[in-house]
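Quick notes on the structure that follows.
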Amino acid sequence: MIGIVDYRAGNLTSVARALHFLGIPCEVTSDPARLDRAERIIFPGVGAAGEAMANLGASGLDEWIRRWVQEGRPVLGICLGTQVIFEKSEEDGGTPCLGILPGIVRRFPAGLKEDGEILKIPHMGWNSVAFRKNHPVFAGIPPEAEFYFVHSFYPDPADRELVVGETRYGFPFGAAVACRNLVAVQFHPEKSGRPGLEILANFCRWRGNDAE
Amino acid sequence: MLSKRIIPCLDVRDGKLTKGIKFQGNVDIGDPVEAAREYYEQGADEIVFYDITASSDGRNIMIDVVRRVAETIFIPFSVGGGIRTLEDMREVILAGAEKVSVNSAAVENPSIITEGARAFGSQCIVLGMDVKRVEPSVTTPSGYEIVIHGGRRYTGIDALWWAREAERLGAGEICLNSIDADGTQDGYELTLTELISTHVGIPVIASGGAGTPQHLADVLTAGKADAALIASMVHYRTYTIDGIKAFLSGRGVKTRRYW
């Protein structure tokens, strides 16, 4: 069973729907006891970092998720879930986050340009991800695949070695990062058509060891 | 680099498509869920549902449609038409829509944009704008006026002012429909689209007037639109989404080509 961590950060049903479509049993819950019975968890989220961290703190899920990662069990972060895995976010006047991975989540600067055009914020729509390393969760994804993004902040990992896939929006940023049993993506695999569903299916088969 | 989005628009009444949509073998599809699946498989980047149902029974049918669409396609889709309250938004979003669009209701009650953005995030709130060309005046200096209730009522509101105001209020995206161009198949209103798109910091979806793939190329380059809405071009199978995207690639417009 896949546990989908519910910390009141937006609508989490779309991830559950994608897993149902793939025939993978899952449960959306905020109950650590139920989540503990999952073989792997997905940590999604839409919204603002400040409120997300407040909710995680109030429910004790912040400590719970740190322990889960430490125990080496597989976790997939998505969008805001990915961002709060880092040390801090520039959102909401600076928000201390879970600190599971070293790095900062930064706001896209205003006036960013590409090909002479000013880029709109949020980065919303389909963009490609250049996968720089092989990783079981991204196996079989062709380079021309694109993924659906919607975000105004981007992860900037302190250790560039953690970046598995890069996306360009004015400059390249880490759209997919991986460290041992943890994989985290800034895009929405549940809204990215077939390649996104493949990533979810790969994650659900992965044993949580990036060396496999 | 971000791809330009191609977005088919489906009109729904009482849970059925208002115009049958023709597919391979000229089969007419009246079911919005099946139509959404077809366009998803053809490479649509997003789908817009416009619910023209008036009755409250019809609304419940629409929620069921939204739920079934969300179980079938795995790209973003939005629902507009008849959304007036936070509760309307919540129902549609919980049923699986990525975004909701508000049009007349936002003109009559602009705070719905702010409330919606606060509750669900700006990325969920699309402002639908119906716009008519008018003589520039003190109240409408841009020469474009907002009309509501399907274009029947002039509001005296300047389109450019309203677009910027909606952004300030928290709208995450604008779906800009030219009433003058709508239904003509003569091309999008490029001047209007460029005007709005270059004066807001949020994405603009151009709507109204698409008849050929060149029209999309024009609005996505000269018109500076981030996305293009299409309807009859693909509903009557004159073009496929894949075919339009191949044409756009040849014109140097980047779209998503793998799905």
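We name chains A, B, ... following the order of the structure tokens; residues begin at 1 in each chain, and ligands are numbered from 1 as shown.
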Give me, as a Markdown table, each residue of chain B that comes within 10 Å of chain A, together with its shortest interatomic pair and the distance in Å at one decimal, counting only C-alpha atoms, with rows ordered by chain and rising residue number.
```
| residue | atom | partner | partner_atom | distance |
| --- | --- | --- | --- | --- |
| B:Met1 | CA | A:Arg168 | CA | 5.6 |
| B:Leu2 | CA | A:Asn127 | CA | 4.8 |
| B:Ser3 | CA | A:Trp126 | CA | 5.5 |
| B:Lys4 | CA | A:Trp126 | CA | 7.9 |
| B:Arg5 | CA | A:Gly125 | CA | 7.3 |
| B:Tyr40 | CA | A:Gly193 | CA | 8.1 |
| B:Glu41 | CA | A:Gly193 | CA | 9.1 |
| B:Gly43 | CA | A:Gly193 | CA | 9.1 |
| B:Ala44 | CA | A:Gly193 | CA | 9.9 |
| B:Asp45 | CA | A:Trp126 | CA | 7.8 |
| B:Glu46 | CA | A:Gly125 | CA | 9.1 |
| B:Arg67 | CA | A:Arg17 | CA | 9.8 |
| B:Ala70 | CA | A:Arg17 | CA | 7.3 |
| B:Glu71 | CA | A:Arg17 | CA | 5.9 |
| B:Thr72 | CA | A:Phe21 | CA | 7.7 |
| B:Ile73 | CA | A:Gly193 | CA | 7.4 |
| B:Phe74 | CA | A:Lys191 | CA | 4.7 |
| B:Ile75 | CA | A:Lys191 | CA | 4.3 |
| B:Pro76 | CA | A:Lys191 | CA | 5.8 |
| B:Phe77 | CA | A:Lys191 | CA | 9.3 |
| B:Arg90 | CA | A:Asn11 | CA | 9.8 |
| B:Ile93 | CA | A:Asn11 | CA | 7.6 |
| B:Leu94 | CA | A:Asn11 | CA | 6.8 |
| B:Ala95 | CA | A:Thr13 | CA | 8.5 |
| B:Gly96 | CA | A:Ser14 | CA | 6.4 |
| B:Ala97 | CA | A:Ser14 | CA | 8.8 |
| B:Glu98 | CA | A:Ser14 | CA | 8.8 |
| B:Ala117 | CA | A:Gly47 | CA | 10.0 |
| B:Arg118 | CA | A:Gly47 | CA | 9.3 |
| B:Ala119 | CA | A:Gly10 | CA | 8.8 |
| B:Phe120 | CA | A:Gly10 | CA | 6.7 |
| B:Gly121 | CA | A:Gly47 | CA | 6.0 |
| B:Ser122 | CA | A:Gly47 | CA | 8.9 |
| B:Gln123 | CA | A:Val150 | CA | 7.2 |
| B:Gly172 | CA | A:Pro122 | CA | 8.1 |
| B:Glu173 | CA | A:Met124 | CA | 9.3 |
| B:Ser197 | CA | A:Lys120 | CA | 9.8 |
| B:Thr198 | CA | A:Ile118 | CA | 8.9 |
| B:Val200 | CA | A:Lys120 | CA | 8.6 |
| B:Gly201 | CA | A:Lys120 | CA | 5.3 |
| B:Ile202 | CA | A:Lys120 | CA | 5.7 |
| B:Pro203 | CA | A:Lys120 | CA | 6.6 |
| B:Val204 | CA | A:Lys120 | CA | 9.8 |
| B:Lys224 | CA | A:Glu117 | CA | 9.3 |
| B:Asp226 | CA | A:Gly125 | CA | 9.0 |
| B:Ala227 | CA | A:Gly125 | CA | 9.2 |
| B:Thr255 | CA | A:Trp126 | CA | 8.4 |
| B:Arg256 | CA | A:Glu146 | CA | 6.5 |
| B:Arg257 | CA | A:Glu144 | CA | 7.4 |
| B:Tyr258 | CA | A:Ala145 | CA | 5.5 |
| B:Trp259 | CA | A:Arg194 | CA | 6.2 |
```
For the residues in that selection, give me C-alpha atoms as a PDB file, in the first residue's frame.
```pdb
ATOM      1  CA  MET B   1      11.824  26.221 -22.181  1.00  0.00           C
ATOM      2  CA  LEU B   2       8.096  26.244 -21.551  1.00  0.00           C
ATOM      3  CA  SER B   3       5.884  24.842 -24.299  1.00  0.00           C
ATOM      4  CA  LYS B   4       2.957  26.793 -25.691  1.00  0.00           C
ATOM      5  CA  ARG B   5      -0.244  25.009 -24.698  1.00  0.00           C
ATOM      6  CA  TYR B  40      -5.935  13.655 -24.140  1.00  0.00           C
ATOM      7  CA  GLU B  41      -4.772  10.896 -26.449  1.00  0.00           C
ATOM      8  CA  GLY B  43      -1.958  15.434 -27.262  1.00  0.00           C
ATOM      9  CA  ALA B  44      -4.101  18.183 -25.735  1.00  0.00           C
ATOM     10  CA  ASP B  45      -2.056  19.981 -23.075  1.00  0.00           C
ATOM     11  CA  GLU B  46      -5.056  20.886 -20.995  1.00  0.00           C
ATOM     12  CA  ARG B  67     -15.187  13.255 -11.360  1.00  0.00           C
ATOM     13  CA  ALA B  70     -10.460  13.167 -13.476  1.00  0.00           C
ATOM     14  CA  GLU B  71     -10.401   9.360 -13.350  1.00  0.00           C
ATOM     15  CA  THR B  72      -9.745   9.167 -17.087  1.00  0.00           C
ATOM     16  CA  ILE B  73      -7.236  11.837 -18.100  1.00  0.00           C
ATOM     17  CA  PHE B  74      -4.035  12.860 -16.343  1.00  0.00           C
ATOM     18  CA  ILE B  75      -3.467  16.378 -17.568  1.00  0.00           C
ATOM     19  CA  PRO B  76      -4.829  19.570 -16.017  1.00  0.00           C
ATOM     20  CA  PHE B  77      -8.367  20.615 -16.834  1.00  0.00           C
ATOM     21  CA  ARG B  90     -14.603  23.708  -3.850  1.00  0.00           C
ATOM     22  CA  ILE B  93     -11.821  21.179  -7.396  1.00  0.00           C
ATOM     23  CA  LEU B  94     -12.556  18.307  -5.029  1.00  0.00           C
ATOM     24  CA  ALA B  95     -14.142  16.428  -7.932  1.00  0.00           C
ATOM     25  CA  GLY B  96     -10.753  16.637  -9.644  1.00  0.00           C
ATOM     26  CA  ALA B  97     -10.520  19.819 -11.723  1.00  0.00           C
ATOM     27  CA  GLU B  98      -7.143  21.546 -11.546  1.00  0.00           C
ATOM     28  CA  ALA B 117      -6.951  32.294  -4.515  1.00  0.00           C
ATOM     29  CA  ARG B 118      -6.654  32.280  -0.735  1.00  0.00           C
ATOM     30  CA  ALA B 119      -8.572  29.026  -0.373  1.00  0.00           C
ATOM     31  CA  PHE B 120      -7.128  27.042  -3.275  1.00  0.00           C
ATOM     32  CA  GLY B 121      -4.085  28.978  -4.508  1.00  0.00           C
ATOM     33  CA  SER B 122      -3.817  31.440  -7.374  1.00  0.00           C
ATOM     34  CA  GLN B 123      -2.893  28.662  -9.790  1.00  0.00           C
ATOM     35  CA  GLY B 172      -3.406  32.895 -11.666  1.00  0.00           C
ATOM     36  CA  GLU B 173      -4.241  32.965 -15.335  1.00  0.00           C
ATOM     37  CA  SER B 197      -0.411  39.517 -22.414  1.00  0.00           C
ATOM     38  CA  THR B 198       2.359  42.122 -22.287  1.00  0.00           C
ATOM     39  CA  VAL B 200       0.151  41.214 -16.976  1.00  0.00           C
ATOM     40  CA  GLY B 201       2.624  38.889 -15.309  1.00  0.00           C
ATOM     41  CA  ILE B 202       0.342  35.837 -15.423  1.00  0.00           C
ATOM     42  CA  PRO B 203      -0.224  33.494 -18.382  1.00  0.00           C
ATOM     43  CA  VAL B 204      -2.832  34.417 -20.997  1.00  0.00           C
ATOM     44  CA  LYS B 224       2.321  36.794 -27.205  1.00  0.00           C
ATOM     45  CA  ASP B 226       0.952  31.509 -23.601  1.00  0.00           C
ATOM     46  CA  ALA B 227      -1.748  29.133 -24.752  1.00  0.00           C
ATOM     47  CA  THR B 255       4.827  22.676 -28.120  1.00  0.00           C
ATOM     48  CA  ARG B 256       4.790  19.384 -26.252  1.00  0.00           C
ATOM     49  CA  ARG B 257       5.368  16.725 -28.907  1.00  0.00           C
ATOM     50  CA  TYR B 258       5.605  13.530 -26.856  1.00  0.00           C
ATOM     51  CA  TRP B 259       2.711  12.045 -24.935  1.00  0.00           C
TER      52      TRP B 259
END
```
Can you pull out every residue from region 28-229 of chain B that DSSP, working from the backbone, puts in strand (DSSP E), and format the result as a short mmCIF file (atom, residue, chain, number, x, y, z; two decimals) with C-alpha atoms, in the first residue's frame?
```
data_model
loop_
_atom_site.label_atom_id
_atom_site.label_comp_id
_atom_site.auth_asym_id
_atom_site.auth_seq_id
_atom_site.Cartn_x
_atom_site.Cartn_y
_atom_site.Cartn_z
CA ASP B 28 -20.20 11.42 -33.17
CA ILE B 29 -19.30 11.63 -29.52
CA ILE B 47 -8.83 20.81 -21.43
CA VAL B 48 -11.40 23.49 -20.70
CA PHE B 49 -14.98 22.54 -19.87
CA TYR B 50 -17.56 25.22 -20.13
CA ASP B 51 -20.78 24.27 -18.37
CA PHE B 77 -8.37 20.61 -16.83
CA SER B 78 -10.51 23.54 -15.84
CA VAL B 79 -14.21 24.04 -15.40
CA GLY B 80 -16.05 27.29 -15.97
CA LYS B 99 -8.59 25.01 -12.12
CA VAL B 100 -11.89 26.86 -12.04
CA SER B 101 -12.72 29.84 -14.17
CA VAL B 102 -14.87 32.76 -13.19
CA ILE B 125 -8.19 30.59 -10.35
CA VAL B 126 -8.62 31.49 -14.01
CA LEU B 127 -10.26 34.76 -14.90
CA GLY B 128 -12.42 34.41 -18.00
CA MET B 129 -12.77 37.73 -19.84
CA ASP B 130 -15.23 38.39 -22.66
CA VAL B 131 -14.07 41.47 -24.51
CA LYS B 132 -15.52 43.71 -27.24
CA ARG B 133 -13.73 46.35 -29.27
CA TYR B 144 -11.61 47.21 -25.28
CA GLU B 145 -14.56 46.75 -22.95
CA ILE B 146 -15.58 43.88 -20.71
CA VAL B 147 -18.95 42.37 -21.55
CA ILE B 148 -20.76 39.79 -19.43
CA ARG B 153 -24.28 43.21 -21.34
CA TYR B 154 -21.68 45.99 -21.57
CA THR B 155 -20.10 46.84 -18.22
CA GLY B 156 -18.22 50.07 -18.90
CA ILE B 157 -15.09 48.34 -17.57
CA ASP B 158 -11.84 48.68 -19.47
CA GLU B 173 -4.24 32.97 -15.33
CA ILE B 174 -6.45 34.81 -17.82
CA CYS B 175 -8.59 33.21 -20.52
CA LEU B 176 -9.11 36.08 -22.92
CA ASN B 177 -12.04 35.71 -25.29
CA SER B 178 -12.68 38.19 -28.08
CA VAL B 204 -2.83 34.42 -21.00
CA ILE B 205 -4.88 31.89 -22.95
CA ALA B 206 -6.14 33.35 -26.24
CA SER B 207 -9.69 32.45 -27.22
CA ALA B 227 -1.75 29.13 -24.75
CA ALA B 228 -4.44 28.92 -27.42
CA LEU B 229 -8.00 27.71 -26.99
#
```
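Close contacts of Tyr236 (chain B), defined as residues with an atom at most 10 Å away when counting only C-alpha atoms, with chain neighbours fewer than 3 positions off set aside, comprise B:Lys19, B:Gly20, B:Ile21, B:Lys22, B:Phe23, B:Asn26, B:Asp28, B:Ala231, B:Ser232, B:Met233, B:Tyr239, B:Thr240.
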If DSSP is run on the backbone, what residues of region 13-192 of chain B are helix (DSSP H, G or I)? A reply as a tab-separated table (two decimals) with N, CA and C atoms, in the first residue's frame would be ideal.
```
chain	number	residue	atom	x	y	z
B	24	GLN	N	-12.48	9.65	-35.39
B	24	GLN	CA	-12.15	8.70	-36.44
B	24	GLN	C	-13.38	7.92	-36.88
B	25	GLY	N	-13.52	7.75	-38.19
B	25	GLY	CA	-14.66	7.03	-38.71
B	25	GLY	C	-15.94	7.84	-38.60
B	26	ASN	N	-15.77	9.18	-38.35
B	26	ASN	CA	-16.91	10.09	-38.25
B	26	ASN	C	-17.91	9.70	-37.18
B	32	PRO	N	-18.90	14.01	-22.76
B	32	PRO	CA	-17.72	14.84	-22.50
B	32	PRO	C	-16.52	14.04	-21.99
B	33	VAL	N	-16.79	12.93	-21.27
B	33	VAL	CA	-15.68	12.14	-20.74
B	33	VAL	C	-14.92	11.47	-21.90
B	34	GLU	N	-15.69	10.91	-22.84
B	34	GLU	CA	-15.06	10.27	-24.00
B	34	GLU	C	-14.33	11.30	-24.87
B	35	ALA	N	-14.93	12.48	-25.03
B	35	ALA	CA	-14.28	13.53	-25.82
B	35	ALA	C	-12.97	13.95	-25.16
B	36	ALA	N	-13.00	14.08	-23.84
B	36	ALA	CA	-11.78	14.47	-23.11
B	36	ALA	C	-10.70	13.41	-23.30
B	37	ARG	N	-11.11	12.14	-23.25
B	37	ARG	CA	-10.15	11.07	-23.44
B	37	ARG	C	-9.51	11.14	-24.84
B	38	GLU	N	-10.37	11.37	-25.84
B	38	GLU	CA	-9.87	11.48	-27.22
B	38	GLU	C	-8.83	12.59	-27.35
B	39	TYR	N	-9.15	13.76	-26.80
B	39	TYR	CA	-8.22	14.89	-26.92
B	39	TYR	C	-6.95	14.66	-26.10
B	40	TYR	N	-7.10	14.03	-24.96
B	40	TYR	CA	-5.94	13.65	-24.14
B	40	TYR	C	-5.00	12.78	-24.97
B	41	GLU	N	-5.60	11.81	-25.65
B	41	GLU	CA	-4.77	10.90	-26.45
B	41	GLU	C	-4.20	11.57	-27.69
B	42	GLN	N	-4.88	12.60	-28.19
B	42	GLN	CA	-4.37	13.36	-29.35
B	42	GLN	C	-3.27	14.35	-28.98
B	56	SER	N	-30.02	23.57	-11.18
B	56	SER	CA	-29.17	23.04	-10.12
B	56	SER	C	-29.00	21.53	-10.26
B	57	ASP	N	-30.00	20.85	-10.83
B	57	ASP	CA	-29.84	19.42	-11.12
B	57	ASP	C	-28.66	19.22	-12.05
B	58	GLY	N	-28.62	20.09	-13.07
B	58	GLY	CA	-27.55	20.02	-14.07
B	58	GLY	C	-26.19	20.17	-13.43
B	59	ARG	N	-26.10	20.99	-12.40
B	59	ARG	CA	-24.81	21.20	-11.75
B	59	ARG	C	-24.28	19.90	-11.13
B	60	ASN	N	-25.20	19.15	-10.50
B	60	ASN	CA	-24.77	17.89	-9.92
B	60	ASN	C	-24.29	16.92	-10.99
B	61	ILE	N	-24.97	16.96	-12.14
B	61	ILE	CA	-24.53	16.11	-13.25
B	61	ILE	C	-23.11	16.52	-13.65
B	62	MET	N	-22.85	17.83	-13.69
B	62	MET	CA	-21.53	18.32	-14.09
B	62	MET	C	-20.45	17.86	-13.12
B	63	ILE	N	-20.77	17.87	-11.83
B	63	ILE	CA	-19.79	17.41	-10.84
B	63	ILE	C	-19.43	15.95	-11.11
B	64	ASP	N	-20.44	15.18	-11.48
B	64	ASP	CA	-20.19	13.77	-11.80
B	64	ASP	C	-19.32	13.65	-13.05
B	65	VAL	N	-19.56	14.51	-14.05
B	65	VAL	CA	-18.72	14.53	-15.26
B	65	VAL	C	-17.28	14.84	-14.87
B	66	VAL	N	-17.10	15.85	-14.02
B	66	VAL	CA	-15.75	16.25	-13.61
B	66	VAL	C	-15.03	15.08	-12.93
B	67	ARG	N	-15.77	14.39	-12.08
B	67	ARG	CA	-15.19	13.26	-11.36
B	67	ARG	C	-14.73	12.17	-12.34
B	68	ARG	N	-15.60	11.88	-13.32
B	68	ARG	CA	-15.24	10.83	-14.29
B	68	ARG	C	-14.09	11.25	-15.20
B	69	VAL	N	-14.06	12.53	-15.55
B	69	VAL	CA	-12.94	13.03	-16.37
B	69	VAL	C	-11.63	12.87	-15.59
B	70	ALA	N	-11.68	13.22	-14.30
B	70	ALA	CA	-10.46	13.17	-13.48
B	70	ALA	C	-9.94	11.75	-13.30
B	71	GLU	N	-10.83	10.76	-13.45
B	71	GLU	CA	-10.40	9.36	-13.35
B	71	GLU	C	-9.85	8.85	-14.67
B	72	THR	N	-10.02	9.65	-15.74
B	72	THR	CA	-9.75	9.17	-17.09
B	72	THR	C	-8.53	9.83	-17.72
B	86	LEU	N	-17.44	30.35	-3.41
B	86	LEU	CA	-16.33	29.52	-2.95
B	86	LEU	C	-16.75	28.05	-2.92
B	87	GLU	N	-18.00	27.82	-2.52
B	87	GLU	CA	-18.52	26.46	-2.43
B	87	GLU	C	-18.59	25.80	-3.81
B	88	ASP	N	-19.01	26.58	-4.83
B	88	ASP	CA	-19.02	26.06	-6.21
B	88	ASP	C	-17.60	25.63	-6.61
B	89	MET	N	-16.63	26.50	-6.26
B	89	MET	CA	-15.23	26.21	-6.62
B	89	MET	C	-14.77	24.93	-5.93
B	90	ARG	N	-15.06	24.85	-4.63
B	90	ARG	CA	-14.60	23.71	-3.85
B	90	ARG	C	-15.12	22.39	-4.42
B	91	GLU	N	-16.41	22.38	-4.79
B	91	GLU	CA	-17.03	21.16	-5.35
B	91	GLU	C	-16.29	20.68	-6.59
B	92	VAL	N	-16.01	21.64	-7.49
B	92	VAL	CA	-15.39	21.30	-8.76
B	92	VAL	C	-13.94	20.85	-8.55
B	93	ILE	N	-13.22	21.52	-7.65
B	93	ILE	CA	-11.82	21.18	-7.40
B	93	ILE	C	-11.72	19.83	-6.69
B	94	LEU	N	-12.60	19.61	-5.72
B	94	LEU	CA	-12.56	18.31	-5.03
B	94	LEU	C	-12.94	17.17	-5.97
B	104	SER	N	-18.43	36.35	-15.47
B	104	SER	CA	-19.40	37.36	-15.02
B	104	SER	C	-19.41	37.49	-13.51
B	105	ALA	N	-19.32	36.38	-12.81
B	105	ALA	CA	-19.40	36.40	-11.34
B	105	ALA	C	-18.28	37.25	-10.75
B	106	ALA	N	-17.10	37.23	-11.39
B	106	ALA	CA	-15.97	38.01	-10.87
B	106	ALA	C	-16.15	39.50	-11.14
B	107	VAL	N	-16.83	39.84	-12.24
B	107	VAL	CA	-17.11	41.25	-12.52
B	107	VAL	C	-18.09	41.79	-11.49
B	108	GLU	N	-19.09	40.97	-11.18
B	108	GLU	CA	-20.12	41.40	-10.22
B	108	GLU	C	-19.62	41.36	-8.78
B	111	SER	N	-14.29	40.07	-5.25
B	111	SER	CA	-13.64	39.42	-4.11
B	111	SER	C	-13.64	37.90	-4.24
B	112	ILE	N	-14.46	37.36	-5.14
B	112	ILE	CA	-14.45	35.91	-5.33
B	112	ILE	C	-13.08	35.43	-5.83
B	113	ILE	N	-12.38	36.32	-6.58
B	113	ILE	CA	-11.03	35.97	-7.06
B	113	ILE	C	-10.09	35.82	-5.87
B	114	THR	N	-10.12	36.82	-4.98
B	114	THR	CA	-9.23	36.81	-3.82
B	114	THR	C	-9.56	35.65	-2.89
B	115	GLU	N	-10.85	35.45	-2.65
B	115	GLU	CA	-11.25	34.35	-1.76
B	115	GLU	C	-10.84	33.00	-2.34
B	116	GLY	N	-11.04	32.85	-3.64
B	116	GLY	CA	-10.68	31.59	-4.31
B	116	GLY	C	-9.18	31.35	-4.26
B	117	ALA	N	-8.41	32.43	-4.52
B	117	ALA	CA	-6.95	32.29	-4.51
B	117	ALA	C	-6.46	31.94	-3.12
B	118	ARG	N	-7.08	32.54	-2.11
B	118	ARG	CA	-6.65	32.28	-0.74
B	118	ARG	C	-6.98	30.84	-0.35
B	119	ALA	N	-8.14	30.37	-0.77
B	119	ALA	CA	-8.57	29.03	-0.37
B	119	ALA	C	-7.86	27.92	-1.16
B	120	PHE	N	-7.63	28.14	-2.44
B	120	PHE	CA	-7.13	27.04	-3.27
B	120	PHE	C	-5.79	27.34	-3.94
B	122	SER	N	-3.60	30.67	-6.14
B	122	SER	CA	-3.82	31.44	-7.37
B	122	SER	C	-3.84	30.56	-8.62
B	123	GLN	N	-3.01	29.50	-8.58
B	123	GLN	CA	-2.89	28.66	-9.79
B	123	GLN	C	-4.21	27.99	-10.13
B	124	CYS	N	-5.16	27.96	-9.20
B	124	CYS	CA	-6.46	27.34	-9.44
B	124	CYS	C	-7.46	28.30	-10.07
B	159	ALA	N	-10.96	46.64	-20.46
B	159	ALA	CA	-10.43	45.27	-20.43
B	159	ALA	C	-9.02	45.22	-19.85
B	160	LEU	N	-8.17	46.17	-20.24
B	160	LEU	CA	-6.80	46.15	-19.74
B	160	LEU	C	-6.76	46.40	-18.23
B	161	TRP	N	-7.58	47.37	-17.80
B	161	TRP	CA	-7.64	47.65	-16.36
B	161	TRP	C	-8.09	46.41	-15.59
B	162	TRP	N	-9.10	45.74	-16.12
B	162	TRP	CA	-9.67	44.57	-15.43
B	162	TRP	C	-8.66	43.41	-15.37
B	163	ALA	N	-7.92	43.22	-16.45
B	163	ALA	CA	-6.92	42.15	-16.46
B	163	ALA	C	-5.89	42.38	-15.36
B	164	ARG	N	-5.41	43.62	-15.24
B	164	ARG	CA	-4.39	43.92	-14.23
B	164	ARG	C	-4.98	43.87	-12.82
B	165	GLU	N	-6.22	44.32	-12.70
B	165	GLU	CA	-6.90	44.28	-11.41
B	165	GLU	C	-7.09	42.82	-10.95
B	166	ALA	N	-7.49	41.97	-11.90
B	166	ALA	CA	-7.71	40.55	-11.56
B	166	ALA	C	-6.40	39.90	-11.12
B	167	GLU	N	-5.31	40.28	-11.78
B	167	GLU	CA	-4.00	39.75	-11.37
B	167	GLU	C	-3.69	40.20	-9.93
B	168	ARG	N	-3.94	41.47	-9.66
B	168	ARG	CA	-3.69	42.01	-8.32
B	168	ARG	C	-4.56	41.29	-7.28
B	169	LEU	N	-5.79	40.95	-7.68
B	169	LEU	CA	-6.71	40.28	-6.75
B	169	LEU	C	-6.33	38.82	-6.51
B	190	LEU	N	-5.41	39.64	-32.45
B	190	LEU	CA	-3.99	39.70	-32.07
B	190	LEU	C	-3.65	40.94	-31.26
B	191	THR	N	-4.22	42.09	-31.64
B	191	THR	CA	-3.90	43.34	-30.94
B	191	THR	C	-4.31	43.25	-29.48
B	192	LEU	N	-5.53	42.78	-29.27
B	192	LEU	CA	-6.04	42.63	-27.90
B	192	LEU	C	-5.18	41.65	-27.10
```
Need to verify the contact set: Ala38 (chain A), 10 Å, only C-alpha atoms, exclusion of same-chain residues closer than 6 positions in sequence. Can you return it as a short mmCIF file (atom, residue, chain, number, x, y, z; two decimals) with N, CA and C atoms, in the first residue's frame?
```cif
data_model
loop_
_atom_site.label_atom_id
_atom_site.label_comp_id
_atom_site.auth_asym_id
_atom_site.auth_seq_id
_atom_site.Cartn_x
_atom_site.Cartn_y
_atom_site.Cartn_z
N MET A 1 0.85 -1.21 0.00
CA MET A 1 0.00 0.00 0.00
C MET A 1 0.87 1.25 0.00
N ILE A 2 0.42 2.25 -0.77
CA ILE A 2 1.13 3.52 -0.82
C ILE A 2 0.42 4.50 0.11
N GLY A 3 1.14 5.12 1.01
CA GLY A 3 0.56 6.14 1.87
C GLY A 3 0.75 7.50 1.23
N ILE A 4 -0.33 8.24 1.10
CA ILE A 4 -0.24 9.61 0.59
C ILE A 4 -0.41 10.53 1.80
N CYS A 26 -3.78 2.62 -2.52
CA CYS A 26 -3.20 3.74 -1.79
C CYS A 26 -4.21 4.28 -0.79
N GLU A 27 -3.71 5.06 0.13
CA GLU A 27 -4.58 5.69 1.12
C GLU A 27 -4.07 7.09 1.41
N PRO A 32 -0.25 9.02 11.40
CA PRO A 32 1.07 8.38 11.32
C PRO A 32 1.00 6.86 11.49
N ARG A 73 13.13 4.16 4.17
CA ARG A 73 11.94 3.71 3.42
C ARG A 73 11.66 4.68 2.27
N PRO A 74 11.14 4.17 1.15
CA PRO A 74 11.02 5.01 -0.06
C PRO A 74 10.00 6.14 0.09
#
```
Handout entry: Near-region 88-91 of chain A list (10 Å; only C-alpha atoms; drop same-chain fewer than 6 positions) as number ranges by chain
Key = A: 48-50, 97-99, 101-107, 152-156
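Between CA of Ile179 (chain B) and CA of Asp31 (chain B) lies a distance of 26.8 Å.
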